[in-house]
>>> print(open('query_11.txt').read())   # compact mmCIF, C-alpha atoms and all ligand atoms
# COMPACT_ATOMS: atom_id res chain seq x y z
CA GLN P 963 99.65 143.17 183.10
CA TYR P 964 102.56 141.12 181.71
CA TYR P 965 104.11 141.52 178.27
CA SER P 966 106.72 139.25 176.77
CA LEU P 967 109.51 140.98 174.92
CA ALA P 968 112.11 139.45 172.59
CA VAL P 969 115.32 141.51 172.61
CA ILE P 970 117.81 141.15 169.74
CA PRO P 971 120.68 143.61 170.41
CA GLY P 972 122.69 142.51 167.33
CA ASP P 973 126.17 143.83 166.48
CA GLY P 974 128.35 146.88 166.95
CA VAL P 975 126.60 149.72 168.76
CA GLY P 976 123.37 147.67 168.91
CA PRO P 977 124.06 146.15 172.35
CA GLU P 978 125.40 149.50 173.64
CA VAL P 979 122.26 151.48 172.86
CA MET P 980 119.98 148.56 173.77
CA LYS P 981 121.27 148.65 177.36
CA GLU P 982 120.11 152.26 177.74
CA ALA P 983 116.76 151.55 176.10
CA LEU P 984 116.03 148.66 178.47
CA ASN P 985 116.96 150.89 181.38
CA ILE P 986 114.32 153.38 180.23
CA LEU P 987 111.80 150.54 179.99
CA HIS P 988 112.51 149.65 183.63
CA VAL P 989 111.93 153.22 184.72
CA ILE P 990 108.59 153.19 182.88
CA GLU P 991 107.62 149.94 184.61
CA GLU P 992 108.34 151.52 187.99
CA LEU P 993 106.37 154.65 187.15
CA HIS P 994 103.44 152.76 185.75
CA GLY P 995 103.02 150.05 188.35
CA GLY P 996 100.58 147.83 186.50
CA MET P 997 102.79 147.07 183.50
CA LYS P 998 105.58 144.45 183.52
CA PHE P 999 107.88 143.28 180.74
CA ASP P 1000 109.32 139.80 180.75
CA SER P 1001 112.21 140.08 178.36
CA GLN P 1002 114.35 137.41 176.80
CA THR P 1003 117.56 138.27 174.95
CA PHE P 1004 118.71 136.48 171.79
CA ASP P 1005 122.32 136.58 170.58
CA TRP P 1006 121.39 136.36 166.90
CA ASN P 1007 124.03 138.46 165.17
CA CYS P 1008 127.11 138.18 162.96
CA ASP P 1009 129.15 136.30 165.59
CA TYR P 1010 126.30 133.81 165.74
CA TYR P 1011 126.50 133.51 161.96
CA VAL P 1012 130.23 132.87 162.02
CA LYS P 1013 129.68 130.07 164.56
CA HIS P 1014 126.55 128.46 163.11
CA GLY P 1015 126.27 129.50 159.47
CA ASN P 1016 122.88 131.15 160.03
CA MET P 1017 121.77 134.46 161.50
CA MET P 1018 119.22 132.66 163.66
CA PRO P 1019 118.33 129.06 164.47
CA ALA P 1020 116.09 127.15 162.05
CA ASN P 1021 113.14 127.55 164.43
CA GLY P 1022 113.93 131.22 165.15
CA LEU P 1023 110.67 132.55 163.76
CA GLU P 1024 108.66 129.98 165.73
CA ILE P 1025 110.43 131.13 168.88
CA LEU P 1026 109.66 134.80 168.21
CA GLN P 1027 106.05 134.19 167.27
CA ASP P 1028 104.85 133.92 170.87
CA PHE P 1029 106.23 137.26 172.02
CA ASP P 1030 104.14 140.40 172.35
CA ALA P 1031 106.83 142.54 170.71
CA ILE P 1032 110.39 142.44 169.38
CA LEU P 1033 113.00 145.05 170.17
CA PHE P 1034 115.84 145.04 167.67
CA GLY P 1035 119.20 146.85 167.81
CA ALA P 1036 121.19 146.68 164.60
CA VAL P 1037 123.15 144.03 162.73
CA GLY P 1038 126.14 144.17 160.42
CA SER P 1039 129.82 143.41 160.72
CA PRO P 1040 132.81 143.34 158.40
CA LEU P 1041 132.90 139.55 158.92
CA VAL P 1042 129.61 138.90 157.12
CA PRO P 1043 128.29 140.36 153.84
CA ASP P 1044 125.51 142.90 154.46
CA HIS P 1045 122.95 141.19 152.24
CA ILE P 1046 123.21 138.19 154.56
CA SER P 1047 123.20 139.94 157.93
CA VAL P 1048 120.42 142.39 157.15
CA TRP P 1049 118.23 140.25 154.93
CA GLU P 1050 118.49 136.83 156.56
CA LEU P 1051 117.35 138.13 159.89
CA ILE P 1052 115.25 141.27 159.42
CA LEU P 1053 113.45 140.42 156.20
CA PRO P 1054 112.12 137.00 157.31
CA ILE P 1055 110.81 138.59 160.51
CA ARG P 1056 109.03 141.38 158.61
CA ARG P 1057 107.48 138.97 156.12
CA ARG P 1058 106.50 136.09 158.39
CA PHE P 1059 104.90 138.36 160.97
CA GLU P 1060 103.02 140.39 158.35
CA GLN P 1061 104.66 143.61 159.49
CA TYR P 1062 103.36 145.35 156.43
CA VAL P 1063 103.60 148.86 157.88
CA ASN P 1064 107.00 150.46 158.26
CA MET P 1065 106.44 153.60 160.31
CA ARG P 1066 108.99 156.39 160.57
CA PRO P 1067 108.16 159.49 162.59
CA ILE P 1068 109.78 162.56 161.00
CA LYS P 1069 109.71 164.90 163.94
CA LEU P 1070 112.17 167.62 164.80
CA LEU P 1071 112.74 167.26 168.53
CA HIS P 1072 112.86 170.40 170.65
CA GLY P 1073 116.47 171.15 171.35
CA LEU P 1074 117.67 169.96 167.95
CA GLU P 1075 118.24 171.93 164.79
CA SER P 1076 117.24 170.79 161.34
CA PRO P 1077 119.76 171.46 158.59
CA LEU P 1078 116.76 173.28 157.08
CA ARG P 1079 116.05 175.38 160.16
CA ASN P 1080 117.68 178.50 158.83
CA LYS P 1081 114.95 178.51 156.22
CA GLY P 1082 112.27 178.78 158.89
CA HIS P 1083 111.13 175.17 158.96
CA ASP P 1084 111.24 174.61 162.69
CA ASP P 1085 107.94 172.83 163.20
CA LEU P 1086 108.38 169.53 161.43
CA ASP P 1087 106.19 166.69 162.62
CA PHE P 1088 104.90 164.07 160.21
CA VAL P 1089 105.12 160.34 159.56
CA VAL P 1090 106.26 158.30 156.59
CA ILE P 1091 104.31 155.06 156.22
CA ARG P 1092 106.11 152.63 153.95
CA GLU P 1093 104.72 149.39 152.53
CA ASN P 1094 106.97 146.71 153.96
CA THR P 1095 106.19 143.37 152.29
CA GLU P 1096 105.82 143.68 148.50
CA GLY P 1097 106.17 146.29 145.76
CA GLU P 1098 109.66 146.66 144.36
CA TYR P 1099 111.39 144.43 146.95
CA THR P 1100 110.15 141.02 145.92
CA ASN P 1101 113.21 138.87 145.37
CA MET P 1102 111.71 137.89 141.99
CA GLY P 1103 113.48 138.29 138.70
CA GLY P 1104 116.65 136.97 137.18
CA ARG P 1105 119.94 137.45 135.43
CA LEU P 1106 120.27 136.23 131.85
CA TYR P 1107 123.04 135.86 129.30
CA GLN P 1108 125.84 136.72 131.72
CA GLY P 1109 128.90 138.08 130.00
CA LEU P 1110 127.19 138.43 126.62
CA PRO P 1111 126.57 141.80 124.96
CA TYR P 1112 122.83 141.37 125.42
CA GLU P 1113 123.14 140.45 129.10
CA MET P 1114 120.16 141.57 131.17
CA ALA P 1115 118.84 141.72 134.70
CA LEU P 1116 115.15 141.73 135.59
CA GLN P 1117 113.56 142.60 138.92
CA ASN P 1118 109.81 142.24 139.13
CA ASN P 1119 107.49 144.57 140.99
CA VAL P 1120 104.46 143.09 142.68
CA PHE P 1121 101.50 145.20 143.72
CA THR P 1122 98.55 143.13 144.90
CA ARG P 1123 95.13 144.61 145.58
CA PHE P 1124 95.24 143.13 149.06
CA GLY P 1125 98.68 144.56 149.85
CA THR P 1126 98.06 147.97 148.30
CA GLU P 1127 94.65 148.49 149.86
CA ARG P 1128 95.79 147.58 153.33
CA ILE P 1129 98.72 150.02 153.43
CA ILE P 1130 96.71 152.91 152.02
CA GLN P 1131 93.81 152.09 154.31
CA TYR P 1132 96.24 152.06 157.24
CA ALA P 1133 97.54 155.52 156.30
CA TYR P 1134 94.03 157.01 156.27
CA ASP P 1135 93.05 155.29 159.51
CA TYR P 1136 96.23 156.61 161.08
CA ALA P 1137 95.47 160.14 159.84
CA GLU P 1138 91.93 159.98 161.22
CA HIS P 1139 93.03 158.62 164.61
CA HIS P 1140 95.77 161.19 165.02
CA ARG P 1141 93.69 164.11 163.72
CA ARG P 1142 96.04 164.66 160.81
CA LYS P 1143 94.58 166.81 158.05
CA ASN P 1144 96.24 165.46 154.94
CA VAL P 1145 97.58 162.28 153.40
CA THR P 1146 100.23 162.50 150.68
CA ALA P 1147 100.69 159.45 148.47
CA ALA P 1148 103.90 158.98 146.47
CA THR P 1149 103.32 157.87 142.90
CA LYS P 1150 105.17 157.70 139.60
CA SER P 1151 102.30 156.79 137.32
CA ASN P 1152 103.60 158.98 134.52
CA ALA P 1153 106.44 156.49 133.99
CA MET P 1154 105.28 153.26 135.65
CA ASN P 1155 102.08 152.79 133.75
CA PHE P 1156 100.96 149.47 135.26
CA THR P 1157 101.90 149.35 138.92
CA MET P 1158 101.60 153.03 139.75
CA THR P 1159 98.37 153.67 137.88
CA PHE P 1160 96.98 150.79 139.92
CA TRP P 1161 98.35 152.42 143.09
CA ASP P 1162 96.69 155.74 142.12
CA GLU P 1163 93.31 154.03 141.60
CA ILE P 1164 93.45 152.49 145.05
CA VAL P 1165 94.41 155.83 146.60
CA LYS P 1166 91.29 157.33 144.97
CA GLU P 1167 89.05 154.47 146.16
CA VAL P 1168 90.24 154.61 149.75
CA SER P 1169 90.42 158.42 150.00
CA GLY P 1170 86.77 158.62 148.91
CA LYS P 1171 85.83 157.13 152.28
CA TYR P 1172 87.52 159.99 154.15
CA PRO P 1173 85.97 163.27 152.97
CA ASP P 1174 87.52 165.23 155.86
CA ILE P 1175 91.07 164.30 154.98
CA HIS P 1176 92.78 166.11 152.15
CA THR P 1177 94.67 163.92 149.68
CA ASN P 1178 97.77 164.84 147.68
CA LEU P 1179 99.04 162.51 145.02
CA TYR P 1180 102.57 163.59 144.05
CA HIS P 1181 105.14 162.04 141.78
CA VAL P 1182 107.94 160.82 144.00
CA ASP P 1183 110.61 162.96 142.35
CA ALA P 1184 108.69 166.16 143.04
CA LEU P 1185 107.75 164.88 146.48
CA ALA P 1186 111.43 164.37 147.33
CA ALA P 1187 112.08 168.00 146.40
CA TYR P 1188 109.19 169.17 148.63
CA PHE P 1189 110.73 167.28 151.55
CA VAL P 1190 113.58 169.76 151.30
CA THR P 1191 111.82 172.95 150.18
CA SER P 1192 108.54 172.81 152.15
CA PRO P 1193 108.43 169.84 154.53
CA GLU P 1194 106.00 171.59 156.89
CA ARG P 1195 103.18 170.83 154.45
CA PHE P 1196 103.15 167.09 155.32
CA ASP P 1197 101.10 165.17 157.90
CA VAL P 1198 101.05 161.56 156.70
CA VAL P 1199 103.05 160.33 153.71
CA VAL P 1200 102.29 156.87 152.30
CA ALA P 1201 104.54 155.13 149.79
CA SER P 1202 105.49 151.81 148.24
CA ASN P 1203 108.43 149.80 149.56
CA LEU P 1204 111.20 151.40 147.48
CA PHE P 1205 109.82 154.95 147.40
CA GLY P 1206 109.11 154.76 151.13
CA ASP P 1207 112.61 153.51 151.86
CA ILE P 1208 114.16 156.50 150.12
CA LEU P 1209 111.69 159.09 151.42
CA SER P 1210 112.02 157.92 155.01
CA ASP P 1211 115.81 158.28 154.94
CA LEU P 1212 115.47 161.71 153.38
CA GLY P 1213 112.94 162.59 156.07
CA GLY P 1214 115.37 161.41 158.75
CA ALA P 1215 118.06 163.63 157.32
CA ILE P 1216 115.95 166.82 157.55
CA VAL P 1217 115.29 166.27 161.26
CA GLY P 1218 118.77 165.72 162.48
CA GLY P 1219 120.84 162.65 161.95
CA LEU P 1220 121.05 158.89 162.19
CA GLY P 1221 121.47 158.57 165.94
CA ILE P 1222 117.96 159.91 166.54
CA GLY P 1223 115.42 158.23 164.27
CA PRO P 1224 113.30 155.22 165.34
CA SER P 1225 111.12 152.93 163.27
CA GLY P 1226 108.36 150.40 163.74
CA ASN P 1227 107.69 147.31 161.64
CA ILE P 1228 104.07 146.91 162.52
CA ASN P 1229 101.46 144.20 162.21
CA PRO P 1230 98.42 146.39 162.89
CA GLU P 1231 96.08 143.46 163.50
CA LYS P 1232 98.36 142.36 166.38
CA LYS P 1233 98.08 138.80 165.12
CA TYR P 1234 101.89 138.63 165.26
CA PRO P 1235 104.53 140.57 167.17
CA SER P 1236 105.65 143.92 165.78
CA MET P 1237 109.32 144.90 165.75
CA PHE P 1238 110.85 148.23 166.77
CA GLU P 1239 114.37 149.31 165.84
CA PRO P 1240 116.49 152.39 165.31
CA VAL P 1241 116.97 153.45 161.71
CA HIS P 1242 120.75 153.37 162.02
CA GLY P 1243 122.96 150.34 161.58
CA SER P 1244 125.71 148.81 163.71
CA ALA P 1245 128.05 151.81 163.22
CA PRO P 1246 131.30 149.81 163.15
CA ASP P 1247 133.33 153.04 163.03
CA ILE P 1248 132.32 153.98 166.60
CA ALA P 1249 131.42 150.55 168.03
CA GLY P 1250 133.06 149.68 171.34
CA LYS P 1251 133.85 153.30 172.21
CA GLY P 1252 130.71 153.87 174.28
CA ILE P 1253 129.80 157.05 172.41
CA ALA P 1254 126.83 155.95 170.26
CA ASN P 1255 123.70 158.05 170.61
CA PRO P 1256 121.05 155.95 172.42
CA ILE P 1257 118.10 158.20 171.48
CA ALA P 1258 116.99 156.24 168.39
CA GLN P 1259 116.82 153.03 170.39
CA ILE P 1260 115.06 154.72 173.32
CA TRP P 1261 112.53 156.33 170.97
CA SER P 1262 111.97 152.84 169.47
CA VAL P 1263 111.00 151.60 172.95
CA ALA P 1264 108.55 154.50 173.18
CA MET P 1265 106.99 153.49 169.85
CA MET P 1266 106.65 149.93 171.11
CA LEU P 1267 104.84 151.14 174.22
CA ASP P 1268 102.51 153.25 172.08
CA HIS P 1269 101.77 150.22 169.89
CA LEU P 1270 100.92 148.17 172.98
CA GLY P 1271 98.48 150.86 174.12
CA PHE P 1272 100.59 153.06 176.39
CA LYS P 1273 100.43 156.43 174.67
CA GLU P 1274 101.14 158.25 177.96
CA ALA P 1275 104.41 156.33 178.31
CA TYR P 1276 105.35 157.35 174.76
CA ASP P 1277 104.72 161.01 175.59
CA LEU P 1278 106.67 160.81 178.86
CA ILE P 1279 109.72 159.33 177.16
CA LEU P 1280 109.63 161.87 174.32
CA ASP P 1281 109.29 164.73 176.81
CA SER P 1282 112.28 163.47 178.76
CA ILE P 1283 114.42 163.16 175.63
CA GLU P 1284 113.46 166.70 174.62
CA LYS P 1285 114.16 168.13 178.08
CA VAL P 1286 117.65 166.64 178.04
CA LEU P 1287 118.28 167.96 174.52
CA ILE P 1288 117.07 171.45 175.42
CA ASP P 1289 119.19 171.36 178.56
CA GLY P 1290 122.13 170.58 176.28
CA VAL P 1291 124.54 169.30 178.95
CA PHE P 1292 124.58 165.66 177.89
CA ARG P 1293 125.11 165.22 174.19
CA THR P 1294 126.95 162.45 172.40
CA PRO P 1295 129.61 163.44 169.81
CA ASP P 1296 127.19 163.09 166.87
CA LEU P 1297 125.19 165.91 168.52
CA GLY P 1298 128.26 168.02 169.08
CA GLY P 1299 128.95 167.06 172.71
CA ASP P 1300 131.30 164.74 174.54
CA ALA P 1301 128.90 162.67 176.63
CA SER P 1302 128.99 158.88 176.55
CA THR P 1303 126.10 156.60 175.61
CA ARG P 1304 125.71 155.82 179.31
CA GLU P 1305 125.68 159.48 180.39
CA LEU P 1306 123.05 160.50 177.86
CA GLY P 1307 120.98 157.40 178.67
CA ASN P 1308 121.21 158.14 182.40
CA ALA P 1309 120.27 161.78 181.91
CA ILE P 1310 117.10 160.72 180.08
CA ALA P 1311 116.31 158.07 182.73
CA ASN P 1312 116.79 160.57 185.58
CA THR P 1313 114.58 163.14 183.87
CA LEU P 1314 111.92 160.49 183.36
CA LYS P 1315 112.06 159.52 187.05
CA LYS P 1316 111.35 163.13 188.03
CA THR P 1317 108.10 163.32 186.01
P1 LIG P 1401 125.27 153.09 160.08
O1 LIG P 1401 123.92 153.60 160.40
O2 LIG P 1401 125.75 151.94 160.90
O3 LIG P 1401 126.35 154.26 160.22
C1 LIG P 1401 126.34 155.43 159.40
C2 LIG P 1401 127.03 156.59 160.13
O4 LIG P 1401 126.17 157.04 161.20
C3 LIG P 1401 128.34 156.18 160.78
O5 LIG P 1401 129.25 157.26 160.70
C4 LIG P 1401 127.96 155.95 162.23
O6 LIG P 1401 129.01 156.17 163.14
C5 LIG P 1401 126.82 156.93 162.43
N1 LIG P 1401 125.86 156.42 163.44
C6 LIG P 1401 124.99 155.39 163.27
N2 LIG P 1401 124.31 155.18 164.41
C7 LIG P 1401 124.76 156.08 165.30
C8 LIG P 1401 124.44 156.35 166.66
N3 LIG P 1401 123.51 155.65 167.35
N4 LIG P 1401 125.11 157.35 167.28
C9 LIG P 1401 126.03 158.08 166.63
N5 LIG P 1401 126.38 157.87 165.35
C10 LIG P 1401 125.74 156.87 164.69
O7 LIG P 1401 125.26 152.71 158.53
P2 LIG P 1401 126.41 152.02 157.63
O8 LIG P 1401 127.73 152.51 158.05
O9 LIG P 1401 125.95 152.20 156.25
O10 LIG P 1401 126.32 150.46 157.95
C11 LIG P 1401 127.08 149.80 158.96
C12 LIG P 1401 126.54 148.40 159.12
O11 LIG P 1401 125.21 148.43 159.65
C13 LIG P 1401 126.46 147.63 157.81
O12 LIG P 1401 126.87 146.30 158.08
C14 LIG P 1401 124.99 147.70 157.43
O13 LIG P 1401 124.57 146.63 156.66
C15 LIG P 1401 124.35 147.66 158.80
N6 LIG P 1401 122.99 148.25 158.83
C16 LIG P 1401 122.07 147.57 159.57
C17 LIG P 1401 120.78 148.06 159.69
C18 LIG P 1401 119.84 147.31 160.56
O14 LIG P 1401 120.25 146.49 161.37
N7 LIG P 1401 118.55 147.55 160.45
C19 LIG P 1401 120.36 149.29 159.03
C20 LIG P 1401 121.44 149.98 158.33
C21 LIG P 1401 122.70 149.44 158.22
MG MG P 1402 116.66 152.61 154.35
>>> encode(input="query_11.txt", output="structure tokens", more="lines below")
Ligand code: NAI
Ligand code: MG
Amino acid sequence: QYYSLAVIPGDGVGPEVMKEALNILHVIEELHGGMKFDSQTFDWNCDYYVKHGNMMPANGLEILQDFDAILFGAVGSPLVPDHISVWELILPIRRRFEQYVNMRPIKLLHGLESPLRNKGHDDLDFVVIRENTEGEYTNMGGRLYQGLPYEMALQNNVFTRFGTERIIQYAYDYAEHHRRKNVTAATKSNAMNFTMTFWDEIVKEVSGKYPDIHTNLYHVDALAAYFVTSPERFDVVVASNLFGDILSDLGGAIVGGLGIGPSGNINPEKKYPSMFEPVHGSAPDIAGKGIANPIAQIWSVAMMLDHLGFKEAYDLILDSIEKVLIDGVFRTPDLGGDASTRELGNAIANTLKKT
């Protein structure tokens, strides 16, 4: 079976880690036999912006629409303001392709230590599911009376029934499919008396359909504290755009650093392509040195394969990453070693070939 894959390596370390991730994909193709990826690479990044004045061509979204999946590296460069590089490329893709689920696995890999490990939390494995299209990030609002004493800025929040139901529904479906016992929803209805009380009502409606799954509704401030004091209690965490953004970064931090964590921007209906990318950015401070950790990008490939129906491939890749980490010989500097991107990538590829 053939799959078409759009590859956008981006800037900085993006292309460096992408090379290793595509190498892993080739190994999987060889192991699997029946599965082939036809990939096409797009040079849409900050250099492209400097040349053309846009992050992607005017028909960029039309071009991407026909692919089965998008693999993204990272964008960002000192030459271009971040709100342009990140938002003129990533945000239009997320919105146009209805990638309303942002999925972040918060899993402590074997061979790694959590900064919390000394407290006995060594079995962390949950997911943060963030609403990715509305909520607090709406680009609606305004600035008034600039420079005057009564100057003000407004930013509207938008919670639609359609958008809220579908993300909460997705979280419960995910929990049921993956035999997870509880769903934790982040709220703040004590202070946000319109949007978050609405959110709470929908959580109650949807949870009523899943009597076997336990529901926790926590205020996001308390929830953030639990991420640090008792993270082992979580299975599936569902949150609005802003709350999910913050919680997923906090989650990443308790399982070991930016070079590791992957994410999926998912259109569950598969009407449009979904996009998989590491959580980290273009890391300009280490770009060009060949020492970026490729694990986040490789794990993103694994998530893509899982999304396309190849759960076994996901498991094989994760096992290989963990074996290499336990082995401990090849580690990039962020993990305390002196291996290069290439060496760590190769070690994972070679381990995968032996399975
Ligand atoms: P960053 O994630 O690029 O870097 C933060 C720190 O983590 C740096 O010290 C970096 O060296 C380290 N790091 C990141 N990835 C690593 C890897 N694979 N291996 C080892 N160390 C790694 O975040 P920062 O510095 O805030 O942003 C840099 C640029 O990236 C900015 O232009 C920003 O807008 C952009 N960015 C892009 C994102 C995207 O494309 N989705 C996401 C986050 C930031
Ligand atoms: Mg974030």
>>> residues_near_ligand(input="query_11.txt", ligand="ligand LIG 1401 (chain P)", cutoff="8 Å", atoms="all atoms listed in the file", output="count of residues only")
42
>>> residues_around(input="query_11.txt", residues="Thr1122 of chain P", least_positions_apart="5", cutoff="12 Å", atoms="only C-alpha atoms", output="ChimeraX atom specification")
/P:1093,1095-1098,1100,1127-1129,1156-1158,1160-1161,1164,1202
>>> closest_residue(input="query_11.txt", among="P:Ala1309, P:Ile1046, P:Val1198, P:Leu993", to="Gly1015 of chain P", atoms="all atoms listed in the file")
P:Ile1046
>>> closest_atom_pairs(input="query_11.txt", of="chain P", to="ligand MG 1402 (chain P)", cutoff="7 Å", atoms="only C-alpha atoms and all ligand atoms", output="Markdown table")
| residue | atom | partner | partner_atom | distance |
| --- | --- | --- | --- | --- |
| P:Asp1207 | CA | P:MG1402 | MG | 4.8 |
| P:Ile1208 | CA | P:MG1402 | MG | 6.3 |
| P:Asp1211 | CA | P:MG1402 | MG | 5.8 |
>>> atom_distance(input="query_11.txt", atom1="atom CA of Asp1268 of chain P", atom2="atom CA of Phe999 of chain P")
14.3 Å
>>> atom_distance(input="query_11.txt", atom1="atom CA of Val1145 of chain P", atom2="atom CA of Ile1130 of chain P")
9.5 Å
>>> axis_aligned_box(input="query_11.txt", around="segment 1004-1007 of chain P", padding_each_side="6 Å", output="AutoDock Vina command-line options")
--center_x 121.4 --center_y 137.4 --center_z 168.5 --size_x 17.3 --size_y 14.1 --size_z 18.6
>>> closest_residue(input="query_11.txt", among="P:Gly1022, P:Pro1235, P:Gly1104, P:Gly1218", to="Pro1054 of chain P", atoms="all atoms listed in the file")
P:Gly1022
>>> residues_around(input="query_11.txt", residues="Gly1213 of chain P", least_positions_apart="6", cutoff="12 Å", atoms="all atoms listed in the file", output="ChimeraX atom specification")
/P:1065-1070,1076-1078,1086-1091,1185-1194,1196,1198-1199,1205-1207,1219-1220,1222-1224,1241
>>> atom_distance(input="query_11.txt", atom1="atom CA of Met1237 of chain P", atom2="atom CA of Ala1031 of chain P")
6.0 Å
>>> closest_residue(input="query_11.txt", among="P:Ser1001, P:Gln1108, P:Asn1152, P:Ser1302", to="Gly1250 of chain P", atoms="all atoms listed in the file")
P:Ser1302
>>> closest_residue(input="query_11.txt", among="P:Thr1146, P:Asn985, P:Asn1229, P:Ser966", to="Ala1133 of chain P", atoms="only C-alpha atoms")
P:Thr1146
>>> closest_residue(input="query_11.txt", among="P:Met1102, P:Ala1301, P:Leu1278, P:Leu1051", to="Leu1026 of chain P", atoms="all atoms listed in the file")
P:Leu1051
>>> closest_residue(input="query_11.txt", among="P:His1181, P:Lys1166, P:Lys1251, P:His1139", to="Ala1153 of chain P", atoms="all atoms listed in the file")
P:His1181
>>> residues_around(input="query_11.txt", residues="Lys1143 of chain P", least_positions_apart="3", cutoff="10 Å", atoms="all atoms listed in the file", output="PyMOL selection string")
chain P and resi 1134+1137-1138+1140+1174-1177+1196-1198
>>> residues_around(input="query_11.txt", residues="Leu967 of chain P", least_positions_apart="5", cutoff="12 Å", atoms="all atoms listed in the file", output="number ranges by chain")
P: 984, 987, 998-1004, 1025-1034, 1235-1238, 1263, 1266-1267, 1270
